[in-house]
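Trainee: First the structure, which I've put down as structure tokens, then a few questions once you've had a look.
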Amino acid sequence: MNYVTDNLKGNGMSANINRKNENLAHQKCGQNTIAARYGINSDTSYGAVIPPLYLSSNFAFTGLGKKGKYDYTRTGNPTRDQLAGALSALEGGTGAVITSSGMSAAHLVTQLLNPGDVLIAPHDCYGGCHRLLSAASAKNQFELKWVPLWETGNAIKAIQRHVPAMLWIETPSNPLLRITDIKALASAAHAVGAIVVVDNTFLSPAGQQPIGLGADIVLHSTTKYINGHSDVVGGAVVAANPDLLEQLSWWANCLGLTGAPFDAYQALRGLRTLGVRYEQHQSSAGQIARYLDQKDGVSRVYYPGLTNHQGHHLARRQQKGYGAMISFELDVPLEGVQVFLHTLELFTLAESLGGVESLVAHPASMTHAAMSEADQQKAGISSKLLRLSVGIEETQDLLADLEAGFTSLEEWQRDSNSKDDDGSPISSKSAVG
Ligand SMILES: Cc1ncc(COP(=O)(O)O)c(C=O)c1O
């Protein structure tokens, strides 16, 4: 089934409407046009400009053995297919499966592996994916090799040595924003017959289109930038070819991993503004990264837009911009990290990323808590590491909020030093005197 071209046919759409969507799908239009217009004006019942939401769990047969395009929502649903078509068009795929979460998208992809198959994955990937891949390999669903994929030369050697059935890339990686060379590794992986999967959650199709660089499958947590409003948990798997799409669709239906129509409706609504949101997100992120980079008390900043970042040149080549995720290490003990976090008002301490609101997370105890301390250390995740998801608030307000955090931190440090000096807390009065 081709979701991009087929999804509108079954409902009696006019040839004109199908042609309109195909034109968008084949990228005769720019990304923002595709996002804003996919499925618009496709309703033939009432001429609704925005495609309607089909919540129905089932669809009537026209007679015995005469099923229409849809019969049961776990298997297929028109609203879900609208989102699938739009995402596939944006990623340059053949079609997509919309899942109930990013993790169910990841789980779905692992169904393509058989016992004995080798999967190569980066050990600094999202903590939930790390947990899933570790747990599934522990049950012998496949053999797992963790490889630092940002070291291109070594990664290619590992691919040649282990001959994987699948290569799993996450770039930029979560939380250290390491950049992996998709084109070089996809070419090495294809040479040994591997399927190349790229988790594109951190950039979204607005920032990176892995299929054009050689990926066979693109995975998304649509919870993040695609929906963009922190009110849906969802996922997507975009396939580059019909054979993979068929296998993925089969497993999604078999395991019941497909997403709810309402969530797909919301995510498509969010997707419509992805491009403009992304520009604002990353414009602020660039300024915040530079601010942090020169700030006393920050020992390290991880942002691909900084020239001292490991993957800066590759990111310039491979991505559109540098995204809006920044990680940094505070040069203070955990208590100081708490003081800093406590002062922030415009960065909410919360899991997740990619929404219009700015967030701050402590990966070691939050997003990557599923990894053992040893695995965290191997991946470079320290207890002093904080991760920002930069929202679309005014940049100056975000900078002022961080500055307030650093001011509190300096005061706390001065207080702690004074305590260290004479063993007792001192008041500001005695400090002056
Ligand atoms: C890179 C990445 N992939 C996958 C996921 C899983 O997505 P979800 O939380 O929607 O299940 C996340 C979640 O944070 C993520 O950051």
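Just remember, in the structure tokens the first chain shown is A, the second B, etc., residues are 1-based per chain, and ligands are 1-based in the order shown.
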Would you tabulate, counting only C-alpha atoms and all ligand atoms, all residues of chain A that have an atom at most 8 Å from an atom of ligand 1, showing the closest pair of atoms and their distance in Å to one decimal, sorted by chain then ascending number, as CSV?

Mentor:
```
residue,atom,partner,partner_atom_place_in_ligand_line,distance
A:Ser100,CA,ligand 1,10 (O),7.8
A:Ser101,CA,ligand 1,10 (O),4.2
A:Gly102,CA,ligand 1,7 (O),3.3
A:Met103,CA,ligand 1,11 (O),3.8
A:Ser104,CA,ligand 1,11 (O),6.5
A:Ala105,CA,ligand 1,11 (O),7.7
A:Ala106,CA,ligand 1,4 (C),7.1
A:Cys125,CA,ligand 1,1 (C),6.9
A:Tyr126,CA,ligand 1,1 (C),5.0
A:Gly127,CA,ligand 1,15 (C),7.9
A:Gly128,CA,ligand 1,6 (C),6.3
A:Cys129,CA,ligand 1,4 (C),6.3
A:Glu170,CA,ligand 1,1 (C),6.7
A:Ser173,CA,ligand 1,1 (C),7.0
A:Asn174,CA,ligand 1,1 (C),6.0
A:Asp199,CA,ligand 1,1 (C),6.1
A:Asn200,CA,ligand 1,1 (C),7.0
A:Thr201,CA,ligand 1,1 (C),5.0
A:Phe202,CA,ligand 1,1 (C),5.9
A:Leu219,CA,ligand 1,3 (N),7.6
A:His220,CA,ligand 1,3 (N),6.4
A:Ser221,CA,ligand 1,7 (O),4.2
A:Thr222,CA,ligand 1,10 (O),6.3
A:Thr223,CA,ligand 1,10 (O),4.9
A:Lys224,CA,ligand 1,10 (O),7.2
A:Val233,CA,ligand 1,10 (O),5.1
A:Gly234,CA,ligand 1,10 (O),5.1
A:Gly235,CA,ligand 1,10 (O),5.7
A:Glu351,CA,ligand 1,14 (O),7.5
A:Ser352,CA,ligand 1,14 (O),5.2
A:Leu353,CA,ligand 1,14 (O),7.0
A:Thr367,CA,ligand 1,14 (O),6.9
```

Trainee: Please, which residues of segment 235-339 of chain A, numbered as in this document, come out strand (DSSP E) from DSSP, as a short mmCIF file (atom, residue, chain, number, x, y, z; two decimals) with N, CA and C atoms, in the first residue's frame?

Mentor:
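Wrote it out as part-v8.cif, contents follow:
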```
data_model
loop_
_atom_site.label_atom_id
_atom_site.label_comp_id
_atom_site.auth_asym_id
_atom_site.auth_seq_id
_atom_site.Cartn_x
_atom_site.Cartn_y
_atom_site.Cartn_z
N GLY A 235 4.14 8.39 17.73
CA GLY A 235 5.36 8.01 17.00
C GLY A 235 5.07 7.78 15.54
N ALA A 236 6.12 7.67 14.76
CA ALA A 236 5.97 7.39 13.33
C ALA A 236 7.18 6.65 12.82
N VAL A 237 6.94 5.77 11.85
CA VAL A 237 8.03 5.10 11.16
C VAL A 237 7.81 5.34 9.67
N VAL A 238 8.74 6.03 9.05
CA VAL A 238 8.62 6.33 7.62
C VAL A 238 9.52 5.35 6.87
N ALA A 239 8.98 4.73 5.83
CA ALA A 239 9.77 3.75 5.07
C ALA A 239 10.16 4.33 3.72
N VAL A 298 30.18 27.25 33.72
CA VAL A 298 29.77 26.19 32.77
C VAL A 298 31.05 25.53 32.27
N SER A 299 31.19 24.23 32.55
CA SER A 299 32.46 23.61 32.16
C SER A 299 32.42 23.11 30.72
N ARG A 300 31.21 22.81 30.20
CA ARG A 300 31.15 22.29 28.83
C ARG A 300 29.78 22.54 28.23
N VAL A 301 29.76 22.90 26.97
CA VAL A 301 28.49 23.07 26.26
C VAL A 301 28.49 22.13 25.06
N TYR A 302 27.38 21.41 24.91
CA TYR A 302 27.24 20.51 23.76
C TYR A 302 26.15 21.07 22.86
N MET A 325 18.25 21.76 20.76
CA MET A 325 18.59 21.05 21.99
C MET A 325 20.03 21.41 22.36
N ILE A 326 20.23 21.74 23.61
CA ILE A 326 21.56 22.10 24.11
C ILE A 326 21.79 21.33 25.41
N SER A 327 22.96 20.75 25.56
CA SER A 327 23.31 20.18 26.86
C SER A 327 24.54 20.91 27.38
N PHE A 328 24.62 21.02 28.68
CA PHE A 328 25.80 21.67 29.26
C PHE A 328 26.06 21.16 30.67
N GLU A 329 27.33 21.27 31.07
CA GLU A 329 27.71 20.83 32.41
C GLU A 329 27.99 22.02 33.28
N LEU A 330 27.40 22.00 34.47
CA LEU A 330 27.69 23.05 35.45
C LEU A 330 28.88 22.62 36.29
#
```

Trainee: In terms of the shortest atom-to-atom distance over only C-alpha atoms, which of A:Glu394, A:Pro52, A:Gln377, A:Phe340 is closest to Glu411 of chain A?

Mentor: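 Smallest separation from Glu411 of chain A among the options: A:Phe340.
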
Trainee: By how many Å are atom CA of Gly193 of chain A and atom CA of Gly116 of chain A apart?

Mentor: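 If I compute the distance from atom CA of Gly193 of chain A to atom CA of Gly116 of chain A, I get 14.9 Å.
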
Trainee: Give the answer as one residue: which of A:Ala60, A:Ala264, A:Val97, A:Ile179 has the shortest atom-to-atom distance to His313 of chain A, using only C-alpha atoms?

Mentor: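 Checking each of A:Ala60, A:Ala264, A:Val97, A:Ile179 against His313 of chain A, counting only C-alpha atoms, the winner is A:Ile179.
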
Trainee: Distance atom CA of Leu398 of chain A-atom CA of Arg316 of chain A, one decimal place?

Mentor: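 Spanning atom CA of Leu398 of chain A to atom CA of Arg316 of chain A is a straight-line distance of 25.2 Å.
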
Trainee: Point out the residue among A:Val196, A:Leu245, A:Gly275, A:Gln141 with the least atom-to-atom distance to Gly30 of chain A, counting only C-alpha atoms.

Mentor: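 For Gly30 of chain A, the nearest of the given residues is A:Gly275.
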
Trainee: Give me the residues near Leu306 of chain A as a compact mmCIF listing (two decimals) with N, CA and C atoms, in the first residue's frame, where near means some atom within 10 Å (using only C-alpha atoms) and where sequence neighbours in that chain fewer than 4 positions away do not count.

Mentor:
```txt
# COMPACT_ATOMS: atom_id res chain seq x y z
N GLY A 286 20.74 28.91 19.23
CA GLY A 286 22.08 29.34 18.83
C GLY A 286 22.59 30.44 19.78
N ALA A 289 23.26 28.96 23.26
CA ALA A 289 24.48 28.13 23.29
C ALA A 289 25.72 29.02 23.37
N ARG A 290 25.72 30.11 22.62
CA ARG A 290 26.88 31.02 22.66
C ARG A 290 27.00 31.68 24.03
N ASP A 293 28.39 29.18 26.42
CA ASP A 293 29.77 28.85 26.08
C ASP A 293 30.77 29.82 26.72
N VAL A 301 29.76 22.90 26.97
CA VAL A 301 28.49 23.07 26.26
C VAL A 301 28.49 22.13 25.06
N TYR A 302 27.38 21.41 24.91
CA TYR A 302 27.24 20.51 23.76
C TYR A 302 26.15 21.07 22.86
N GLN A 310 32.14 18.45 18.48
CA GLN A 310 32.69 17.30 17.74
C GLN A 310 32.16 17.19 16.31
N GLY A 311 30.87 17.46 16.12
CA GLY A 311 30.28 17.21 14.80
C GLY A 311 29.89 18.47 14.05
N HIS A 312 30.50 19.60 14.41
CA HIS A 312 30.06 20.87 13.83
C HIS A 312 30.07 20.86 12.29
N HIS A 313 31.20 20.44 11.71
CA HIS A 313 31.31 20.52 10.24
C HIS A 313 30.36 19.55 9.56
N TYR A 322 21.12 23.75 13.33
CA TYR A 322 21.73 22.93 14.38
C TYR A 322 20.72 22.47 15.42
```

Trainee: Separation of atom CA of Lys67 of chain A and atom CA of Asn241 of chain A, in Å?

Mentor: 26.0 Å

Trainee: Give me, as an MDAnalysis selection string, all polymer residues having an atom no more than 12 Å from segment 109-115 of chain A, counting only C-alpha atoms and skipping those fewer than 6 positions away in the same chain.

Mentor: chainID A and resid 96:97 99 102:103 121 129 132:144 164:168 194:199 216:220 235:239 243:252 254:255 257

Trainee: Using the selection just defined, write its residues with N, CA and C atoms as a compact mmCIF listing (two decimals), in the first residue's frame.

Mentor:
```
# COMPACT_ATOMS: atom_id res chain seq x y z
N ALA A 96 4.20 5.79 5.58
CA ALA A 96 4.56 5.77 7.00
C ALA A 96 3.53 5.01 7.82
N VAL A 97 3.98 4.52 8.95
CA VAL A 97 3.08 3.92 9.93
C VAL A 97 3.07 4.85 11.14
N THR A 99 2.32 5.42 14.97
CA THR A 99 2.26 4.54 16.15
C THR A 99 1.82 5.32 17.39
N GLY A 102 6.71 7.12 20.47
CA GLY A 102 8.01 6.93 19.84
C GLY A 102 8.56 5.55 20.17
N MET A 103 8.32 5.10 21.40
CA MET A 103 8.82 3.78 21.79
C MET A 103 8.12 2.67 21.03
N ALA A 121 23.93 -0.36 17.29
CA ALA A 121 23.25 0.85 17.77
C ALA A 121 24.24 1.70 18.56
N CYS A 129 15.19 3.97 24.33
CA CYS A 129 15.61 3.09 23.23
C CYS A 129 16.72 2.17 23.71
N LEU A 132 15.01 -0.54 25.64
CA LEU A 132 14.29 -1.46 24.75
C LEU A 132 15.26 -2.40 24.04
N LEU A 133 16.31 -1.84 23.44
CA LEU A 133 17.24 -2.66 22.66
C LEU A 133 17.98 -3.64 23.58
N SER A 134 18.37 -3.16 24.77
CA SER A 134 19.07 -4.05 25.71
C SER A 134 18.15 -5.20 26.13
N ALA A 135 16.90 -4.86 26.48
CA ALA A 135 15.98 -5.89 26.99
C ALA A 135 15.63 -6.90 25.90
N ALA A 136 15.40 -6.41 24.69
CA ALA A 136 15.02 -7.33 23.60
C ALA A 136 16.20 -8.23 23.24
N SER A 137 17.41 -7.68 23.26
CA SER A 137 18.57 -8.53 22.92
C SER A 137 18.83 -9.54 24.04
N ALA A 138 18.52 -9.15 25.30
CA ALA A 138 18.69 -10.09 26.42
C ALA A 138 17.74 -11.28 26.26
N LYS A 139 16.65 -11.09 25.54
CA LYS A 139 15.72 -12.20 25.28
C LYS A 139 16.05 -12.89 23.95
N ASN A 140 17.23 -12.61 23.44
CA ASN A 140 17.72 -13.23 22.18
C ASN A 140 16.89 -12.89 20.96
N GLN A 141 16.22 -11.74 21.00
CA GLN A 141 15.46 -11.36 19.80
C GLN A 141 16.39 -10.92 18.68
N PHE A 142 17.59 -10.50 19.05
CA PHE A 142 18.66 -10.19 18.10
C PHE A 142 19.94 -10.03 18.92
N GLU A 143 21.05 -9.90 18.22
CA GLU A 143 22.33 -9.72 18.92
C GLU A 143 22.71 -8.24 18.82
N LEU A 144 23.00 -7.63 19.96
CA LEU A 144 23.20 -6.17 19.99
C LEU A 144 24.67 -5.80 20.15
N PRO A 164 26.03 -6.36 10.35
CA PRO A 164 24.70 -6.28 10.97
C PRO A 164 23.56 -6.44 9.96
N ALA A 165 22.41 -6.86 10.49
CA ALA A 165 21.19 -6.86 9.66
C ALA A 165 20.56 -5.48 9.71
N MET A 166 20.90 -4.74 10.79
CA MET A 166 20.32 -3.40 10.94
C MET A 166 21.32 -2.47 11.62
N LEU A 167 21.36 -1.25 11.12
CA LEU A 167 22.17 -0.20 11.75
C LEU A 167 21.21 0.85 12.27
N TRP A 168 21.33 1.18 13.55
CA TRP A 168 20.41 2.13 14.21
C TRP A 168 21.19 3.40 14.52
N ALA A 194 22.67 -4.39 5.29
CA ALA A 194 21.91 -3.98 6.49
C ALA A 194 20.83 -2.95 6.14
N ILE A 195 19.78 -2.96 6.95
CA ILE A 195 18.74 -1.92 6.90
C ILE A 195 19.22 -0.76 7.76
N VAL A 196 19.10 0.46 7.25
CA VAL A 196 19.57 1.63 8.00
C VAL A 196 18.38 2.40 8.57
N VAL A 197 18.38 2.51 9.89
CA VAL A 197 17.30 3.21 10.60
C VAL A 197 17.88 4.49 11.20
N VAL A 198 17.19 5.60 11.03
CA VAL A 198 17.63 6.85 11.68
C VAL A 198 16.50 7.39 12.55
N ASP A 199 16.82 7.57 13.83
CA ASP A 199 15.89 8.25 14.73
C ASP A 199 16.09 9.76 14.51
N ASP A 216 16.92 3.81 5.23
CA ASP A 216 15.79 3.03 4.73
C ASP A 216 14.55 3.29 5.56
N ILE A 217 14.77 3.63 6.81
CA ILE A 217 13.65 3.85 7.74
C ILE A 217 13.96 5.08 8.59
N VAL A 218 12.98 5.95 8.75
CA VAL A 218 13.14 7.10 9.66
C VAL A 218 12.13 6.95 10.79
N LEU A 219 12.64 7.09 11.98
CA LEU A 219 11.80 6.90 13.17
C LEU A 219 11.60 8.26 13.85
N HIS A 220 10.39 8.47 14.37
CA HIS A 220 10.12 9.70 15.10
C HIS A 220 9.34 9.43 16.38
N GLY A 235 4.14 8.39 17.73
CA GLY A 235 5.36 8.01 17.00
C GLY A 235 5.07 7.78 15.54
N ALA A 236 6.12 7.67 14.76
CA ALA A 236 5.97 7.39 13.33
C ALA A 236 7.18 6.65 12.82
N VAL A 237 6.94 5.77 11.85
CA VAL A 237 8.03 5.10 11.16
C VAL A 237 7.81 5.34 9.67
N VAL A 238 8.74 6.03 9.05
CA VAL A 238 8.62 6.33 7.62
C VAL A 238 9.52 5.35 6.87
N ALA A 239 8.98 4.73 5.83
CA ALA A 239 9.77 3.75 5.07
C ALA A 239 10.16 4.33 3.72
N ASP A 243 8.40 -2.37 0.16
CA ASP A 243 8.55 -3.66 0.82
C ASP A 243 8.66 -3.47 2.35
N LEU A 244 9.51 -2.53 2.76
CA LEU A 244 9.64 -2.26 4.20
C LEU A 244 8.33 -1.73 4.77
N LEU A 245 7.66 -0.87 3.99
CA LEU A 245 6.39 -0.30 4.47
C LEU A 245 5.37 -1.40 4.71
N GLU A 246 5.35 -2.38 3.81
CA GLU A 246 4.38 -3.47 3.96
C GLU A 246 4.69 -4.28 5.22
N GLN A 247 5.95 -4.60 5.41
CA GLN A 247 6.32 -5.38 6.61
C GLN A 247 5.99 -4.60 7.89
N LEU A 248 6.30 -3.31 7.90
CA LEU A 248 6.05 -2.49 9.09
C LEU A 248 4.56 -2.36 9.36
N SER A 249 3.78 -2.17 8.28
CA SER A 249 2.32 -2.03 8.45
C SER A 249 1.74 -3.34 9.00
N TRP A 250 2.26 -4.45 8.50
CA TRP A 250 1.77 -5.76 8.95
C TRP A 250 2.02 -5.94 10.45
N TRP A 251 3.23 -5.65 10.88
CA TRP A 251 3.56 -5.82 12.30
C TRP A 251 2.81 -4.83 13.18
N ALA A 252 2.63 -3.60 12.68
CA ALA A 252 1.91 -2.59 13.48
C ALA A 252 0.49 -3.05 13.74
N CYS A 254 -0.57 -6.25 13.52
CA CYS A 254 -0.51 -7.51 14.28
C CYS A 254 -0.33 -7.25 15.77
N LEU A 255 0.57 -6.34 16.11
CA LEU A 255 0.88 -6.07 17.53
C LEU A 255 -0.01 -4.97 18.13
N LEU A 257 0.17 -1.65 17.47
CA LEU A 257 1.03 -0.53 17.85
C LEU A 257 0.57 0.80 17.26
```

Trainee: Compare A:Ala189, A:Ala361, A:Val339, A:Leu213 by their minimum atom-to-atom distance to Gln413 of chain A, counting only C-alpha atoms, and give me the closest one.

Mentor: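 Residue with the minimum atom-to-atom distance to Gln413 of chain A: A:Val339.
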